[in-house]
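**Student:** As input, take input.cif (mmCIF, C-alpha atoms; chains and numbers go by the auth columns):
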data_protein
#
loop_
_atom_site.group_PDB
_atom_site.id
_atom_site.type_symbol
_atom_site.label_atom_id
_atom_site.label_comp_id
_atom_site.label_asym_id
_atom_site.label_seq_id
_atom_site.Cartn_x
_atom_site.Cartn_y
_atom_site.Cartn_z
_atom_site.B_iso_or_equiv
_atom_site.auth_seq_id
_atom_site.auth_asym_id
ATOM 1 C CA MET A 1 34.179 35.475 1.846 0.00 1 F
ATOM 2 C CA ILE A 2 33.132 33.347 -1.061 0.00 2 F
ATOM 3 C CA ASN A 3 29.413 33.215 -1.768 0.00 3 F
ATOM 4 C CA SER A 4 28.850 34.718 1.706 0.00 4 F
ATOM 5 C CA GLU A 5 29.462 31.297 3.215 0.00 5 F
ATOM 6 C CA TYR A 6 33.142 30.356 3.006 0.00 6 F
ATOM 7 C CA GLU A 7 35.837 32.508 4.549 0.00 7 F
ATOM 8 C CA ILE A 8 39.450 32.139 3.505 0.00 8 F
ATOM 9 C CA ASP A 9 41.472 32.018 6.710 0.00 9 F
ATOM 10 C CA ARG A 10 43.908 34.949 6.707 0.00 10 F
ATOM 11 C CA THR A 11 44.414 34.945 10.491 0.00 11 F
ATOM 12 C CA GLU A 12 48.191 34.680 10.079 0.00 12 F
ATOM 13 C CA PHE A 13 48.295 37.900 8.032 0.00 13 F
ATOM 14 C CA VAL A 14 46.058 39.777 10.485 0.00 14 F
ATOM 15 C CA GLU A 15 48.092 38.623 13.485 0.00 15 F
ATOM 16 C CA ARG A 16 51.405 39.523 11.794 0.00 16 F
ATOM 17 C CA VAL A 17 50.191 43.085 11.200 0.00 17 F
ATOM 18 C CA LYS A 18 48.696 43.445 14.688 0.00 18 F
ATOM 19 C CA ASN A 19 51.787 42.057 16.414 0.00 19 F
ATOM 20 C CA ALA A 20 54.080 44.422 14.512 0.00 20 F
ATOM 21 C CA ASN A 21 52.338 47.284 16.335 0.00 21 F
ATOM 22 C CA ASP A 22 53.150 49.841 13.607 0.00 22 F
ATOM 23 C CA LYS A 23 51.850 53.398 13.888 0.00 23 F
ATOM 24 C CA PHE A 24 51.246 53.716 10.141 0.00 24 F
ATOM 25 C CA ILE A 25 50.205 50.725 8.024 0.00 25 F
ATOM 26 C CA SER A 26 49.370 50.334 4.349 0.00 26 F
ATOM 27 C CA ILE A 27 47.920 47.119 2.966 0.00 27 F
ATOM 28 C CA HIS A 28 48.526 46.517 -0.736 0.00 28 F
ATOM 29 C CA GLY A 29 47.181 43.936 -3.137 0.00 29 F
ATOM 30 C CA CYS A 30 45.396 43.348 -6.402 0.00 30 F
ATOM 31 C CA ALA A 31 41.756 44.255 -6.912 0.00 31 F
ATOM 32 C CA GLY A 32 39.564 41.800 -5.040 0.00 32 F
ATOM 33 C CA SER A 33 42.422 40.375 -2.961 0.00 33 F
ATOM 34 C CA GLY A 34 40.698 41.203 0.323 0.00 34 F
ATOM 35 C CA LYS A 35 42.634 44.303 1.417 0.00 35 F
ATOM 36 C CA SER A 36 39.602 46.054 2.886 0.00 36 F
ATOM 37 C CA VAL A 37 38.365 42.939 4.671 0.00 37 F
ATOM 38 C CA LEU A 38 41.800 42.361 6.189 0.00 38 F
ATOM 39 C CA ALA A 39 42.042 45.981 7.339 0.00 39 F
ATOM 40 C CA LYS A 40 38.592 45.685 8.938 0.00 40 F
ATOM 41 C CA LYS A 41 39.733 42.566 10.787 0.00 41 F
ATOM 42 C CA ILE A 42 42.847 44.401 11.988 0.00 42 F
ATOM 43 C CA VAL A 43 40.828 47.285 13.464 0.00 43 F
ATOM 44 C CA LEU A 44 37.910 45.138 14.655 0.00 44 F
ATOM 45 C CA ASP A 45 38.833 45.230 18.342 0.00 45 F
ATOM 46 C CA GLU A 46 39.837 48.903 18.435 0.00 46 F
ATOM 47 C CA GLU A 47 37.652 51.190 20.532 0.00 47 F
ATOM 48 C CA PHE A 48 37.950 54.295 18.341 0.00 48 F
ATOM 49 C CA VAL A 49 38.088 53.841 14.566 0.00 49 F
ATOM 50 C CA VAL A 50 37.627 56.824 12.274 0.00 50 F
ATOM 51 C CA TYR A 51 36.764 55.589 8.782 0.00 51 F
ATOM 52 C CA ALA A 52 36.636 57.161 5.338 0.00 52 F
ATOM 53 C CA ARG A 53 36.791 55.931 1.791 0.00 53 F
ATOM 54 C CA ALA A 54 39.549 57.739 -0.095 0.00 54 F
ATOM 55 C CA GLU A 55 36.927 59.269 -2.405 0.00 55 F
ATOM 56 C CA ARG A 56 36.103 61.650 0.456 0.00 56 F
ATOM 57 C CA PHE A 57 39.541 63.199 -0.054 0.00 57 F
ATOM 58 C CA THR A 58 38.626 63.972 -3.663 0.00 58 F
ATOM 59 C CA GLU A 59 35.382 65.650 -2.620 0.00 59 F
ATOM 60 C CA GLU A 60 36.685 67.977 0.096 0.00 60 F
ATOM 61 C CA LYS A 61 39.312 70.671 0.508 0.00 61 F
ATOM 62 C CA ASN A 62 40.204 70.100 4.168 0.00 62 F
ATOM 63 C CA MET A 63 40.079 67.359 6.768 0.00 63 F
ATOM 64 C CA ALA A 64 37.411 69.076 8.855 0.00 64 F
ATOM 65 C CA ASP A 65 34.975 68.643 5.971 0.00 65 F
ATOM 66 C CA ILE A 66 35.768 64.950 5.536 0.00 66 F
ATOM 67 C CA TRP A 67 34.709 64.091 9.093 0.00 67 F
ATOM 68 C CA GLN A 68 32.600 67.162 9.916 0.00 68 F
ATOM 69 C CA CYS A 69 34.789 68.123 12.885 0.00 69 F
ATOM 70 C CA ASP A 70 38.107 69.647 13.886 0.00 70 F
ATOM 71 C CA LEU A 71 40.275 66.541 14.256 0.00 71 F
ATOM 72 C CA ASN A 72 43.022 68.372 16.130 0.00 72 F
ATOM 73 C CA ASP A 73 40.470 69.454 18.733 0.00 73 F
ATOM 74 C CA VAL A 74 38.919 65.983 18.995 0.00 74 F
ATOM 75 C CA LEU A 75 42.272 64.212 19.280 0.00 75 F
ATOM 76 C CA GLY A 76 43.370 66.685 21.938 0.00 76 F
ATOM 77 C CA GLN A 77 40.300 65.892 24.016 0.00 77 F
ATOM 78 C CA ILE A 78 40.515 62.099 23.763 0.00 78 F
ATOM 79 C CA SER A 79 43.463 62.238 26.171 0.00 79 F
ATOM 80 C CA GLY A 80 45.635 59.309 25.263 0.00 80 F
ATOM 81 C CA LYS A 81 43.080 56.734 24.118 0.00 81 F
ATOM 82 C CA LYS A 82 44.098 54.923 20.952 0.00 82 F
ATOM 83 C CA VAL A 83 42.486 56.221 17.771 0.00 83 F
ATOM 84 C CA VAL A 84 42.835 54.423 14.447 0.00 84 F
ATOM 85 C CA PHE A 85 42.110 56.170 11.157 0.00 85 F
ATOM 86 C CA PHE A 86 41.122 53.696 8.453 0.00 86 F
ATOM 87 C CA ILE A 87 41.322 55.132 4.934 0.00 87 F
ATOM 88 C CA ASP A 88 40.141 52.615 2.366 0.00 88 F
ATOM 89 C CA ALA A 89 40.994 52.471 -1.352 0.00 89 F
ATOM 90 C CA LEU A 90 43.769 55.041 -1.787 0.00 90 F
ATOM 91 C CA GLU A 91 43.791 54.213 -5.488 0.00 91 F
ATOM 92 C CA PHE A 92 40.942 56.715 -5.862 0.00 92 F
ATOM 93 C CA ILE A 93 43.297 59.596 -5.130 0.00 93 F
ATOM 94 C CA ALA A 94 46.466 58.190 -6.727 0.00 94 F
ATOM 95 C CA ASP A 95 45.878 60.029 -10.006 0.00 95 F
ATOM 96 C CA CYS A 96 44.269 63.155 -8.534 0.00 96 F
ATOM 97 C CA ALA A 97 45.779 66.605 -8.317 0.00 97 F
ATOM 98 C CA SER A 98 48.609 66.898 -5.798 0.00 98 F
ATOM 99 C CA GLU A 99 46.451 68.810 -3.293 0.00 99 F
ATOM 100 C CA LYS A 100 44.375 65.644 -2.680 0.00 100 F
ATOM 101 C CA ILE A 101 47.478 63.649 -1.789 0.00 101 F
ATOM 102 C CA GLU A 102 48.596 66.619 0.313 0.00 102 F
ATOM 103 C CA LEU A 103 45.276 66.421 2.171 0.00 103 F
ATOM 104 C CA LEU A 104 46.087 62.805 3.045 0.00 104 F
ATOM 105 C CA GLN A 105 49.581 63.910 4.033 0.00 105 F
ATOM 106 C CA SER A 106 48.075 66.479 6.406 0.00 106 F
ATOM 107 C CA LEU A 107 46.315 63.597 8.179 0.00 107 F
ATOM 108 C CA TYR A 108 49.690 61.881 8.626 0.00 108 F
ATOM 109 C CA ASN A 109 51.188 65.155 9.891 0.00 109 F
ATOM 110 C CA LEU A 110 48.391 65.448 12.437 0.00 110 F
ATOM 111 C CA ALA A 111 48.665 61.804 13.521 0.00 111 F
ATOM 112 C CA SER A 112 52.427 62.215 13.971 0.00 112 F
ATOM 113 C CA LYS A 113 51.758 64.713 16.766 0.00 113 F
ATOM 114 C CA TYR A 114 49.838 62.148 18.820 0.00 114 F
ATOM 115 C CA PRO A 115 51.465 58.916 20.062 0.00 115 F
ATOM 116 C CA ASN A 116 48.008 57.353 20.473 0.00 116 F
ATOM 117 C CA VAL A 117 46.922 57.901 16.845 0.00 117 F
ATOM 118 C CA CYS A 118 47.488 55.314 14.101 0.00 118 F
ATOM 119 C CA ILE A 119 46.567 55.181 10.432 0.00 119 F
ATOM 120 C CA ILE A 120 45.789 52.119 8.325 0.00 120 F
ATOM 121 C CA THR A 121 45.193 52.409 4.598 0.00 121 F
ATOM 122 C CA THR A 122 44.472 50.073 1.715 0.00 122 F
ATOM 123 C CA CYS A 123 45.680 50.558 -1.841 0.00 123 F
ATOM 124 C CA ARG A 124 45.916 48.531 -5.005 0.00 124 F
ATOM 125 C CA THR A 125 49.505 47.532 -5.642 0.00 125 F
ATOM 126 C CA GLU A 126 49.583 49.132 -9.092 0.00 126 F
ATOM 127 C CA ASP A 127 48.724 52.550 -7.588 0.00 127 F
ATOM 128 C CA ARG A 128 51.201 52.388 -4.725 0.00 128 F
ATOM 129 C CA ASN A 129 53.835 54.504 -6.482 0.00 129 F
ATOM 130 C CA ALA A 130 51.780 57.655 -5.951 0.00 130 F
ATOM 131 C CA PHE A 131 52.397 57.290 -2.199 0.00 131 F
ATOM 132 C CA ILE A 132 56.051 56.162 -2.096 0.00 132 F
ATOM 133 C CA LYS A 133 57.293 59.567 -0.913 0.00 133 F
ATOM 134 C CA MET A 134 54.739 59.566 1.914 0.00 134 F
ATOM 135 C CA GLU A 135 55.592 55.958 2.824 0.00 135 F
ATOM 136 C CA THR A 136 59.219 56.969 3.208 0.00 136 F
ATOM 137 C CA GLN A 137 58.566 60.254 5.008 0.00 137 F
ATOM 138 C CA PHE A 138 56.274 58.716 7.632 0.00 138 F
ATOM 139 C CA SER A 139 57.896 55.249 7.841 0.00 139 F
ATOM 140 C CA ILE A 140 54.666 53.580 6.771 0.00 140 F
ATOM 141 C CA ALA A 141 54.860 49.807 7.157 0.00 141 F
ATOM 142 C CA THR A 142 53.578 48.105 4.022 0.00 142 F
ATOM 143 C CA TYR A 143 52.019 44.664 3.850 0.00 143 F
ATOM 144 C CA GLU A 144 51.288 42.876 0.596 0.00 144 F
ATOM 145 C CA VAL A 145 48.263 40.577 0.424 0.00 145 F
ATOM 146 C CA ASP A 146 49.534 37.400 -1.188 0.00 146 F
ATOM 147 C CA ASP A 147 47.731 35.328 -3.749 0.00 147 F
ATOM 148 C CA ILE A 148 45.726 32.390 -2.460 0.00 148 F
ATOM 149 C CA SER A 149 48.099 29.672 -1.238 0.00 149 F
ATOM 150 C CA GLU A 150 47.862 26.003 -2.190 0.00 150 F
ATOM 151 C CA VAL A 151 46.464 25.202 1.267 0.00 151 F
ATOM 152 C CA GLU A 152 43.792 27.910 0.927 0.00 152 F
ATOM 153 C CA LEU A 153 42.946 26.737 -2.585 0.00 153 F
ATOM 154 C CA ASN A 154 42.613 23.146 -1.336 0.00 154 F
ATOM 155 C CA GLY A 155 40.062 24.335 1.240 0.00 155 F
ATOM 156 C CA ILE A 156 38.103 26.194 -1.419 0.00 156 F
ATOM 157 C CA CYS A 157 38.171 23.159 -3.705 0.00 157 F
ATOM 158 C CA SER A 158 36.842 20.992 -0.872 0.00 158 F
ATOM 159 C CA LYS A 159 33.866 23.306 -0.441 0.00 159 F
ATOM 160 C CA TYR A 160 33.185 23.975 -4.123 0.00 160 F
ATOM 161 C CA PRO A 161 33.436 20.998 -6.501 0.00 161 F
ATOM 162 C CA VAL A 162 33.134 23.290 -9.526 0.00 162 F
ATOM 163 C CA ILE A 163 36.360 25.060 -8.526 0.00 163 F
ATOM 164 C CA ARG A 164 38.040 21.694 -7.943 0.00 164 F
ATOM 165 C CA LYS A 165 37.078 20.679 -11.502 0.00 165 F
ATOM 166 C CA LEU A 166 38.402 23.961 -12.903 0.00 166 F
ATOM 167 C CA ARG A 167 41.644 23.418 -11.033 0.00 167 F
ATOM 168 C CA GLU A 168 42.004 19.915 -12.444 0.00 168 F
#
Is it possible to give me this structure as structure tokens?

**Tutor:**
Amino acid sequence: MINSEYEIDRTEFVERVKNANDKFISIHGCAGSGKSVLAKKIVLDEEFVVYARAERFTEEKNMADIWQCDLNDVLGQISGKKVVFFIDALEFIADCASEKIELLQSLYNLASKYPNVCIITTCRTEDRNAFIKMETQFSIATYEVDDISEVELNGICSKYPVIRKLRE
């Protein structure tokens, strides 16, 4: 959203990710590129979404403390309904001690046991390297948020003359 009134249409990106039907997804992009908004749009129609900012992983020592419950117990009781974990802003744990990344890895280990559990994360592109091993180990599908296209920029310029003048 620009100025809370103009939304850049990223439907194609959202549909591409949804149609791929990946179990583990990571959305990468520069700061302010819309990673979190796109992830929210991807999980919008899901019945069960379990959300946390990545900072929660820096504050706690185990997953039960992040969500105030035993996830293994909860997932066992849901009996096959799809559950999506949405972990936003992984860059906050990229430079932390290894046990914080291992805490995230334990979530992937848990999710791997359940065919109905998916994980979607967002991370700034420049911090992605901290998670390469995990991406490989769990076959995490990665999607890069592109820069604004010419078509998108034309739409923005139509709405905001000041941006059109800057572009010229």

**Student:** Report as a short mmCIF file (atom, residue, chain, number, x, y, z; two decimals) with C-alpha atoms, keeping the file's coordinate frame the full result of the PyMOL selection byres ((chain F and resi 26-36) around 12) when it is applied to this structure.

**Tutor:**
data_model
loop_
_atom_site.label_atom_id
_atom_site.label_comp_id
_atom_site.auth_asym_id
_atom_site.auth_seq_id
_atom_site.Cartn_x
_atom_site.Cartn_y
_atom_site.Cartn_z
CA MET F 1 34.18 35.48 1.85
CA ILE F 2 33.13 33.35 -1.06
CA GLU F 7 35.84 32.51 4.55
CA ILE F 8 39.45 32.14 3.50
CA ASP F 9 41.47 32.02 6.71
CA ARG F 10 43.91 34.95 6.71
CA PHE F 13 48.30 37.90 8.03
CA VAL F 14 46.06 39.78 10.48
CA VAL F 17 50.19 43.08 11.20
CA ASP F 22 53.15 49.84 13.61
CA LYS F 23 51.85 53.40 13.89
CA PHE F 24 51.25 53.72 10.14
CA ILE F 25 50.20 50.72 8.02
CA VAL F 37 38.36 42.94 4.67
CA LEU F 38 41.80 42.36 6.19
CA ALA F 39 42.04 45.98 7.34
CA LYS F 40 38.59 45.68 8.94
CA LYS F 41 39.73 42.57 10.79
CA ILE F 42 42.85 44.40 11.99
CA VAL F 43 40.83 47.28 13.46
CA LEU F 44 37.91 45.14 14.66
CA TYR F 51 36.76 55.59 8.78
CA ALA F 52 36.64 57.16 5.34
CA ARG F 53 36.79 55.93 1.79
CA PHE F 85 42.11 56.17 11.16
CA PHE F 86 41.12 53.70 8.45
CA ILE F 87 41.32 55.13 4.93
CA ASP F 88 40.14 52.62 2.37
CA ALA F 89 40.99 52.47 -1.35
CA LEU F 90 43.77 55.04 -1.79
CA GLU F 91 43.79 54.21 -5.49
CA CYS F 118 47.49 55.31 14.10
CA ILE F 119 46.57 55.18 10.43
CA ILE F 120 45.79 52.12 8.32
CA THR F 121 45.19 52.41 4.60
CA THR F 122 44.47 50.07 1.72
CA CYS F 123 45.68 50.56 -1.84
CA ARG F 124 45.92 48.53 -5.00
CA THR F 125 49.50 47.53 -5.64
CA GLU F 126 49.58 49.13 -9.09
CA ASP F 127 48.72 52.55 -7.59
CA ARG F 128 51.20 52.39 -4.72
CA ASN F 129 53.84 54.50 -6.48
CA PHE F 131 52.40 57.29 -2.20
CA ILE F 132 56.05 56.16 -2.10
CA MET F 134 54.74 59.57 1.91
CA GLU F 135 55.59 55.96 2.82
CA THR F 136 59.22 56.97 3.21
CA PHE F 138 56.27 58.72 7.63
CA SER F 139 57.90 55.25 7.84
CA ILE F 140 54.67 53.58 6.77
CA ALA F 141 54.86 49.81 7.16
CA THR F 142 53.58 48.10 4.02
CA TYR F 143 52.02 44.66 3.85
CA GLU F 144 51.29 42.88 0.60
CA VAL F 145 48.26 40.58 0.42
CA ASP F 146 49.53 37.40 -1.19
CA ASP F 147 47.73 35.33 -3.75
CA ILE F 148 45.73 32.39 -2.46
#

**Student:** To one decimal place, how far is atom CA of Glu60 of chain F from atom CA of Ile78 of chain F in Å?

**Tutor:**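 Spanning atom CA of Glu60 of chain F to atom CA of Ile78 of chain F is a straight-line distance of 24.7 Å.
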
**Student:** For Ala97 of chain F, which residue out of F:Leu71, F:Leu153, F:Ala130, F:Ile66 is the nearest one, using all atoms listed in the file?

**Tutor:** F:Ala130

**Student:** Take atom CA of Met63 of chain F and atom CA of Asn21 of chain F and report the distance between them in Å, one decimal.

**Tutor:** 25.4 Å

**Student:** Measuring between only C-alpha atoms, which one of F:Tyr6, F:Phe57, F:Leu75, F:Leu103 shows the shortest distance to Gly155 of chain F?

**Tutor:**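 Of F:Tyr6, F:Phe57, F:Leu75, F:Leu103, the one nearest Gly155 of chain F is F:Tyr6, counting only C-alpha atoms.
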
**Student:** What does the distance from atom CA of Asn62 of chain F to atom CA of Ile101 of chain F come to in Å, to one decimal?

**Tutor:**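 About the pair atom CA of Asn62 of chain F and atom CA of Ile101 of chain F: they are 11.4 Å apart.
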
**Student:** Go through F:Asn72, F:Glu150, F:Ser4, F:Val162 one by one, measure the shortest atom-to-atom distance of each to Ser112 of chain F using all atoms listed in the file, and give the residue with the smallest value.

**Tutor:**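 Looking only at the distances to Ser112 of chain F, the closest residue turns out to be F:Asn72.
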
**Student:** Please define a box with edges along x, y and z of the file around all atoms of segment 89-104 of chain F given in the file, extend it by 8 Å on each side, and return its centre and edge lengths in Å to one decimal, as AutoDock Vina command-line options.

**Tutor:**
--center_x 44.8 --center_y 60.6 --center_z -3.5 --size_x 23.7 --size_y 32.3 --size_z 29.1
